[in-house]
Structures are given as structure tokens and as C-alpha cells.
Amino acid sequence: GTHVLDRLRAIKSGKEVELLRLGIEYSEAGMSHMLSNAATGMTTTELISLYRTGVKGASCGVSHTIDTKEFVFVGDRERSAAAIISRGDAAKADMVCAVDGYGADMSRNFVFGPPTSDQQRLHAIVERAFECGEAELIPGNLLGNVHKVVSECLGREGLPSYCRGHFGHGVGNSVFSEQWPFISAESQVEIQPGMVLAFEVPLYVDGVARFNLEEQFHITEGGAVSMNRMRRGLTVI
């Protein structure tokens, strides 16, 4: 049935791993281009255009089909994509770059001008919780345990009531949808070599920022290997 197919799809072939790695490579090129050229006075739509230009430049001449889907949020609350970006605005860029239909998923955070102390503290909490969870991405561990460790870490950071349905998911032959398995509280799925997981820690606080740190990990016999190269810290534009 579907459950059996899900389990089979969760273990990636060498070719599938390479397509997902390329997706991260192109996505980071797009992200770097966007961050290098972003400025106040722009709109979210213009930021996305910069990202796409960077992806196109990095993947120019390849025989693969490239598709992207961008989730860029500026400010601490929902706003129009045409809203003008101002000094002090914090942002997250959660990007999907698919190579031949295999969607690679990542997210980074940035702020226009010097971050406030609250923005710095919030991102530091995200980074520490991310490190706690990353250490649990080892073969034999249960995805539910990863969720538990991240939640406990956030509780120690002063967020005991924080409740998140999942802290990531599988990736694969799906451009715009998250795949099984999910890093959820109730998951009894065992982490296995060959899996590729997008692990994320989103933290949204009204009046401060909406941050999400996300990386893509290839699970090997020796543990989780991140496919990302970009720094995880809060980027100042």
C-alpha cells in the first residue's frame, strides 16, 4: 500500500541524493545572490526575482530541469508582497529548488540594518535548538525523539508552551510538497542511512520576527551530513 511505498521512497538512491544536493547548491547560489543585492526600498517580489536570477546563473548550461518555489516573509506579521522593505525589518527565506523534479528545501534568515536585541536573541534560540536537533539525526534514533529534544531545548530557552507539529520532513521527487516521514512528536519512524531529511526550527514572535532555520541532511552510517554550506547565522543586510 501507500505506507510501503512511502518507506521505499524514503531511502534514496545515489542519483536521487545527487539531485537533492544539486538543488541545495543552486538554491544557495540564489540565496547568496539575493542577500548580496537586497536593500531597503525593495519588495518581497524583487527579493524573489534576485533569488531566481542567482539560481539561473548557477544552473546555466545544465541539462536538468530547474523549478523553484519561494516562501519569503518580511516583517513580524503577514504583509503584501508589494510592501516596501524598511530598515529594521527581519525576514526569512524558505526556498525550494527542484532539479528534475527533486525538491531541495532550505531556509535562512536576515535583517535589514542592525538587528534589535530581541531579534538577535530569537535567532540565537533558533540556532541552539537547531544544534540540539541536529545531534539527534543519527541512524537508529526515532524521529519522535528528535522532536522531543528540540521541544525540550526550546522549553529551556523560556518557551515551554511552544508547540510545533513537526520540525521537518523527507524530501524527494516532489517539487512543492513535503514528503513522509515527518519529524513529529508521535513519529515512531527510525532514522535510516539513505534518508534525506529537511530539518527545520521555525520560530515566529509577533513584534520581533518570523525566523526559520532549515537545512537538508543526508543520513549516512556515520550520522547526518548537511548538504548546506551557507552560514547559519542571522545575516545583516
# chains A, B, ... in the order shown; residues from 1 in each chain; ligands from 1
>>> select_by_dssp(residues="range 18-197 of chain A", states="alpha helix (DSSP H)", output="PyMOL selection string")
chain A and resi 18-37+44-59+117-134+143-156
>>> write_last_selection(atoms="C-alpha atoms", output="short mmCIF file (atom, residue, chain, number, x, y, z; two decimals), in the first residue's frame")
data_model
loop_
_atom_site.label_atom_id
_atom_site.label_comp_id
_atom_site.auth_asym_id
_atom_site.auth_seq_id
_atom_site.Cartn_x
_atom_site.Cartn_y
_atom_site.Cartn_z
CA GLU A 18 22.92 13.90 -6.06
CA LEU A 19 19.85 15.66 -7.48
CA LEU A 20 18.87 16.84 -4.00
CA ARG A 21 22.45 18.00 -3.36
CA LEU A 22 22.45 19.96 -6.62
CA GLY A 23 19.17 21.56 -5.61
CA ILE A 24 20.78 22.88 -2.43
CA GLU A 25 23.85 24.06 -4.37
CA TYR A 26 21.73 26.06 -6.81
CA SER A 27 19.44 27.32 -4.06
CA GLU A 28 22.36 28.60 -2.02
CA ALA A 29 23.70 30.37 -5.10
CA GLY A 30 20.31 32.02 -5.47
CA MET A 31 20.17 32.89 -1.78
CA SER A 32 23.68 34.37 -1.85
CA HIS A 33 22.82 36.50 -4.89
CA MET A 34 19.66 37.70 -3.19
CA LEU A 35 21.38 38.60 0.09
CA SER A 36 24.24 40.37 -1.72
CA ASN A 37 21.85 42.59 -3.67
CA THR A 44 9.38 40.75 -1.45
CA THR A 45 8.66 40.22 -5.14
CA GLU A 46 12.00 41.83 -6.01
CA LEU A 47 13.85 39.65 -3.48
CA ILE A 48 12.38 36.54 -5.09
CA SER A 49 13.46 37.80 -8.52
CA LEU A 50 17.03 38.18 -7.23
CA TYR A 51 16.95 34.61 -5.90
CA ARG A 52 15.74 33.25 -9.23
CA THR A 53 18.47 35.15 -11.07
CA GLY A 54 21.09 33.55 -8.83
CA VAL A 55 19.67 30.07 -9.32
CA LYS A 56 19.55 30.58 -13.08
CA GLY A 57 23.17 31.72 -13.13
CA ALA A 58 24.38 28.73 -11.12
CA SER A 59 22.44 26.19 -13.18
CA SER A 117 18.48 42.72 20.84
CA ASP A 118 15.20 40.76 20.67
CA GLN A 119 15.89 39.73 17.07
CA GLN A 120 19.41 38.63 17.99
CA ARG A 121 18.15 36.66 20.98
CA LEU A 122 15.38 35.00 18.98
CA HIS A 123 17.77 33.87 16.27
CA ALA A 124 20.27 32.61 18.85
CA ILE A 125 17.49 30.47 20.36
CA VAL A 126 16.68 29.08 16.90
CA GLU A 127 20.35 28.22 16.30
CA ARG A 128 20.77 26.47 19.66
CA ALA A 129 17.59 24.45 19.19
CA PHE A 130 18.76 23.54 15.68
CA GLU A 131 22.07 22.25 17.05
CA CYS A 132 20.22 20.18 19.66
CA GLY A 133 18.11 18.54 16.98
CA GLU A 134 20.95 18.05 14.52
CA LEU A 143 12.09 10.96 14.56
CA GLY A 144 9.77 11.44 17.53
CA ASN A 145 12.83 11.67 19.78
CA VAL A 146 14.28 14.42 17.59
CA HIS A 147 11.04 16.39 18.01
CA LYS A 148 11.14 15.82 21.78
CA VAL A 149 14.72 17.04 22.13
CA VAL A 150 14.08 20.21 20.10
CA SER A 151 10.91 20.96 22.07
CA GLU A 152 12.74 20.45 25.37
CA CYS A 153 15.56 22.72 24.20
CA LEU A 154 13.07 25.46 23.36
CA GLY A 155 11.47 24.94 26.77
CA ARG A 156 14.82 25.55 28.46
#
>>> residues_around(residues="range 85-97 of chain A", least_positions_apart="5", cutoff="6 Å", atoms="only C-alpha atoms", output="ChimeraX atom specification")
/A:23,27,40-43,67-75,103-113,209,211
>>> select_by_dssp(residues="range 6-172 of chain A", states="strand (DSSP E or B)", output="VMD selection string")
chain A and resid 11 66 to 74 90 to 99 102 to 111 142 166 to 170
>>> write_last_selection(atoms="C-alpha atoms", output="PDB file, in the first residue's frame")
ATOM      1  CA  ILE A  11      15.596   5.635   1.151  1.00  0.00           C
ATOM      2  CA  ILE A  66      15.072  23.506 -12.709  1.00  0.00           C
ATOM      3  CA  ASP A  67      11.988  24.739 -10.846  1.00  0.00           C
ATOM      4  CA  THR A  68      11.763  26.936  -7.760  1.00  0.00           C
ATOM      5  CA  LYS A  69       9.166  27.898  -5.197  1.00  0.00           C
ATOM      6  CA  GLU A  70       9.901  30.709  -2.780  1.00  0.00           C
ATOM      7  CA  PHE A  71       8.426  31.490   0.629  1.00  0.00           C
ATOM      8  CA  VAL A  72       9.875  34.867   1.612  1.00  0.00           C
ATOM      9  CA  PHE A  73       8.329  36.654   4.587  1.00  0.00           C
ATOM     10  CA  VAL A  74       9.438  40.131   5.619  1.00  0.00           C
ATOM     11  CA  ALA A  90      13.669  40.970   9.683  1.00  0.00           C
ATOM     12  CA  ALA A  91      12.967  38.277   7.099  1.00  0.00           C
ATOM     13  CA  LYS A  92      13.067  34.575   6.395  1.00  0.00           C
ATOM     14  CA  ALA A  93      13.644  32.982   3.008  1.00  0.00           C
ATOM     15  CA  ASP A  94      12.364  29.405   2.844  1.00  0.00           C
ATOM     16  CA  MET A  95      13.254  28.167  -0.627  1.00  0.00           C
ATOM     17  CA  VAL A  96      12.588  25.045  -2.674  1.00  0.00           C
ATOM     18  CA  CYS A  97      14.773  24.365  -5.702  1.00  0.00           C
ATOM     19  CA  ALA A  98      13.839  21.271  -7.677  1.00  0.00           C
ATOM     20  CA  VAL A  99      16.253  19.531 -10.026  1.00  0.00           C
ATOM     21  CA  TYR A 102      13.502  16.527  -6.827  1.00  0.00           C
ATOM     22  CA  GLY A 103      12.756  19.424  -4.499  1.00  0.00           C
ATOM     23  CA  ALA A 104      15.563  20.553  -2.182  1.00  0.00           C
ATOM     24  CA  ASP A 105      14.413  22.583   0.821  1.00  0.00           C
ATOM     25  CA  MET A 106      16.293  25.149   2.933  1.00  0.00           C
ATOM     26  CA  SER A 107      15.737  28.377   4.840  1.00  0.00           C
ATOM     27  CA  ARG A 108      17.860  31.271   6.093  1.00  0.00           C
ATOM     28  CA  ASN A 109      17.127  34.498   7.965  1.00  0.00           C
ATOM     29  CA  PHE A 110      18.255  38.094   7.568  1.00  0.00           C
ATOM     30  CA  VAL A 111      17.592  41.611   8.799  1.00  0.00           C
ATOM     31  CA  LEU A 142      13.327   7.799  16.250  1.00  0.00           C
ATOM     32  CA  HIS A 166       6.811  18.923  13.060  1.00  0.00           C
ATOM     33  CA  PHE A 167      10.426  20.032  12.767  1.00  0.00           C
ATOM     34  CA  GLY A 168      10.990  18.848   9.231  1.00  0.00           C
ATOM     35  CA  HIS A 169      10.234  16.153   6.721  1.00  0.00           C
ATOM     36  CA  GLY A 170      11.501  13.937   3.981  1.00  0.00           C
TER      37      GLY A 170
END
>>> closest_residue(among="A:Glu178, A:Glu136, A:Glu16, A:Asp76", to="Ala224 in chain A", atoms="only C-alpha atoms")
A:Glu136
>>> closest_residue(among="A:Pro202, A:Gly207, A:Gly101, A:Gly194", to="Ser174 in chain A", atoms="only C-alpha atoms")
A:Gly101
>>> closest_residue(among="A:Gly223, A:Gly165, A:Pro115, A:Gly172", to="Ala198 in chain A", atoms="only C-alpha atoms")
A:Gly172
>>> residues_around(residues="Leu197 in chain A", least_positions_apart="5", cutoff="9 Å", atoms="only C-alpha atoms", output="list in words")
Ala10, Gly168, His169, Gly170, Val171, Pro181, Phe182, Ile183, Glu215, Gln216, Phe217, His218 and Ile219 of chain A
>>> write_last_selection(atoms="C-alpha atoms", output="PDB file, in the first residue's frame")
ATOM      1  CA  ALA A  10      12.331   7.429   1.986  1.00  0.00           C
ATOM      2  CA  GLY A 168      10.990  18.848   9.231  1.00  0.00           C
ATOM      3  CA  HIS A 169      10.234  16.153   6.721  1.00  0.00           C
ATOM      4  CA  GLY A 170      11.501  13.937   3.981  1.00  0.00           C
ATOM      5  CA  VAL A 171      12.350  15.354   0.561  1.00  0.00           C
ATOM      6  CA  PRO A 181       8.423  10.898   7.068  1.00  0.00           C
ATOM      7  CA  PHE A 182       7.781  13.885   9.326  1.00  0.00           C
ATOM      8  CA  ILE A 183       9.866  14.842  12.357  1.00  0.00           C
ATOM      9  CA  GLU A 215      18.939  22.534   6.205  1.00  0.00           C
ATOM     10  CA  GLN A 216      18.893  19.330   4.223  1.00  0.00           C
ATOM     11  CA  PHE A 217      20.682  16.300   5.671  1.00  0.00           C
ATOM     12  CA  HIS A 218      21.833  13.070   4.061  1.00  0.00           C
ATOM     13  CA  ILE A 219      21.745  10.289   6.642  1.00  0.00           C
TER      14      ILE A 219
END
>>> closest_residue(among="A:Cys60, A:Leu234, A:Val225, A:Met195", to="Asn212 in chain A", atoms="only C-alpha atoms")
A:Leu234
>>> atom_distance(atom1="CA of Asn228 in chain A", atom2="CA of Phe199 in chain A")
11.6 Å
>>> decode(residues="range 51-78 of chain A", atoms="N, CA and C atoms", output="mmCIF file, in the first residue's frame")
data_model
loop_
_atom_site.group_PDB
_atom_site.id
_atom_site.type_symbol
_atom_site.label_atom_id
_atom_site.label_comp_id
_atom_site.auth_asym_id
_atom_site.auth_seq_id
_atom_site.Cartn_x
_atom_site.Cartn_y
_atom_site.Cartn_z
ATOM 1 N N TYR A 51 16.671 36.027 -6.174
ATOM 2 C CA TYR A 51 16.955 34.612 -5.902
ATOM 3 C C TYR A 51 16.911 33.801 -7.197
ATOM 4 N N ARG A 52 15.886 34.010 -7.979
ATOM 5 C CA ARG A 52 15.741 33.253 -9.228
ATOM 6 C C ARG A 52 16.883 33.542 -10.194
ATOM 7 N N THR A 53 17.332 34.785 -10.212
ATOM 8 C CA THR A 53 18.467 35.147 -11.070
ATOM 9 C C THR A 53 19.716 34.383 -10.648
ATOM 10 N N GLY A 54 19.934 34.282 -9.339
ATOM 11 C CA GLY A 54 21.094 33.552 -8.833
ATOM 12 C C GLY A 54 21.032 32.069 -9.134
ATOM 13 N N VAL A 55 19.847 31.490 -8.996
ATOM 14 C CA VAL A 55 19.666 30.070 -9.316
ATOM 15 C C VAL A 55 19.923 29.834 -10.800
ATOM 16 N N LYS A 56 19.388 30.715 -11.623
ATOM 17 C CA LYS A 56 19.552 30.584 -13.077
ATOM 18 C C LYS A 56 21.018 30.674 -13.469
ATOM 19 N N GLY A 57 21.748 31.582 -12.835
ATOM 20 C CA GLY A 57 23.166 31.722 -13.134
ATOM 21 C C GLY A 57 23.963 30.490 -12.754
ATOM 22 N N ALA A 58 23.636 29.909 -11.599
ATOM 23 C CA ALA A 58 24.375 28.733 -11.117
ATOM 24 C C ALA A 58 24.076 27.489 -11.938
ATOM 25 N N SER A 59 22.847 27.402 -12.456
ATOM 26 C CA SER A 59 22.440 26.193 -13.178
ATOM 27 C C SER A 59 22.493 26.363 -14.694
ATOM 28 N N CYS A 60 23.031 27.487 -15.152
ATOM 29 C CA CYS A 60 23.105 27.774 -16.587
ATOM 30 C C CYS A 60 23.904 26.690 -17.316
ATOM 31 N N GLY A 61 23.335 26.165 -18.368
ATOM 32 C CA GLY A 61 24.051 25.186 -19.176
ATOM 33 C C GLY A 61 23.860 23.745 -18.757
ATOM 34 N N VAL A 62 23.194 23.500 -17.633
ATOM 35 C CA VAL A 62 22.989 22.114 -17.207
ATOM 36 C C VAL A 62 21.826 21.506 -17.983
ATOM 37 N N SER A 63 21.802 20.187 -18.044
ATOM 38 C CA SER A 63 20.750 19.503 -18.802
ATOM 39 C C SER A 63 19.515 19.233 -17.956
ATOM 40 N N HIS A 64 19.596 19.517 -16.671
ATOM 41 C CA HIS A 64 18.473 19.255 -15.771
ATOM 42 C C HIS A 64 17.366 20.303 -15.919
ATOM 43 N N THR A 65 16.162 19.913 -15.556
ATOM 44 C CA THR A 65 15.046 20.850 -15.445
ATOM 45 C C THR A 65 15.084 21.477 -14.056
ATOM 46 N N ILE A 66 14.993 22.792 -13.988
ATOM 47 C CA ILE A 66 15.072 23.506 -12.709
ATOM 48 C C ILE A 66 13.755 24.240 -12.451
ATOM 49 N N ASP A 67 13.189 24.014 -11.275
ATOM 50 C CA ASP A 67 11.988 24.739 -10.846
ATOM 51 C C ASP A 67 12.232 25.268 -9.436
ATOM 52 N N THR A 68 11.620 26.401 -9.117
ATOM 53 C CA THR A 68 11.763 26.936 -7.760
ATOM 54 C C THR A 68 10.410 27.360 -7.203
ATOM 55 N N LYS A 69 10.320 27.326 -5.898
ATOM 56 C CA LYS A 69 9.166 27.898 -5.197
ATOM 57 C C LYS A 69 9.717 28.615 -3.977
ATOM 58 N N GLU A 70 9.294 29.860 -3.800
ATOM 59 C CA GLU A 70 9.901 30.709 -2.780
ATOM 60 C C GLU A 70 8.863 31.137 -1.740
ATOM 61 N N PHE A 71 9.257 31.027 -0.480
ATOM 62 C CA PHE A 71 8.426 31.490 0.629
ATOM 63 C C PHE A 71 9.244 32.527 1.400
ATOM 64 N N VAL A 72 9.121 33.780 0.980
ATOM 65 C CA VAL A 72 9.875 34.867 1.612
ATOM 66 C C VAL A 72 8.898 35.719 2.422
ATOM 67 N N PHE A 73 9.186 35.859 3.707
ATOM 68 C CA PHE A 73 8.329 36.654 4.587
ATOM 69 C C PHE A 73 9.161 37.747 5.242
ATOM 70 N N VAL A 74 8.740 38.979 5.048
ATOM 71 C CA VAL A 74 9.438 40.131 5.619
ATOM 72 C C VAL A 74 8.574 40.723 6.730
ATOM 73 N N GLY A 75 9.203 41.033 7.863
ATOM 74 C CA GLY A 75 8.471 41.597 8.982
ATOM 75 C C GLY A 75 8.012 40.531 9.955
ATOM 76 N N ASP A 76 7.324 40.952 11.000
ATOM 77 C CA ASP A 76 6.896 40.020 12.041
ATOM 78 C C ASP A 76 5.456 39.554 11.849
ATOM 79 N N ARG A 77 4.767 40.075 10.828
ATOM 80 C CA ARG A 77 3.387 39.682 10.538
ATOM 81 C C ARG A 77 3.191 39.607 9.024
ATOM 82 N N GLU A 78 2.089 38.981 8.616
ATOM 83 C CA GLU A 78 1.779 38.884 7.183
ATOM 84 C C GLU A 78 1.663 40.280 6.567
#
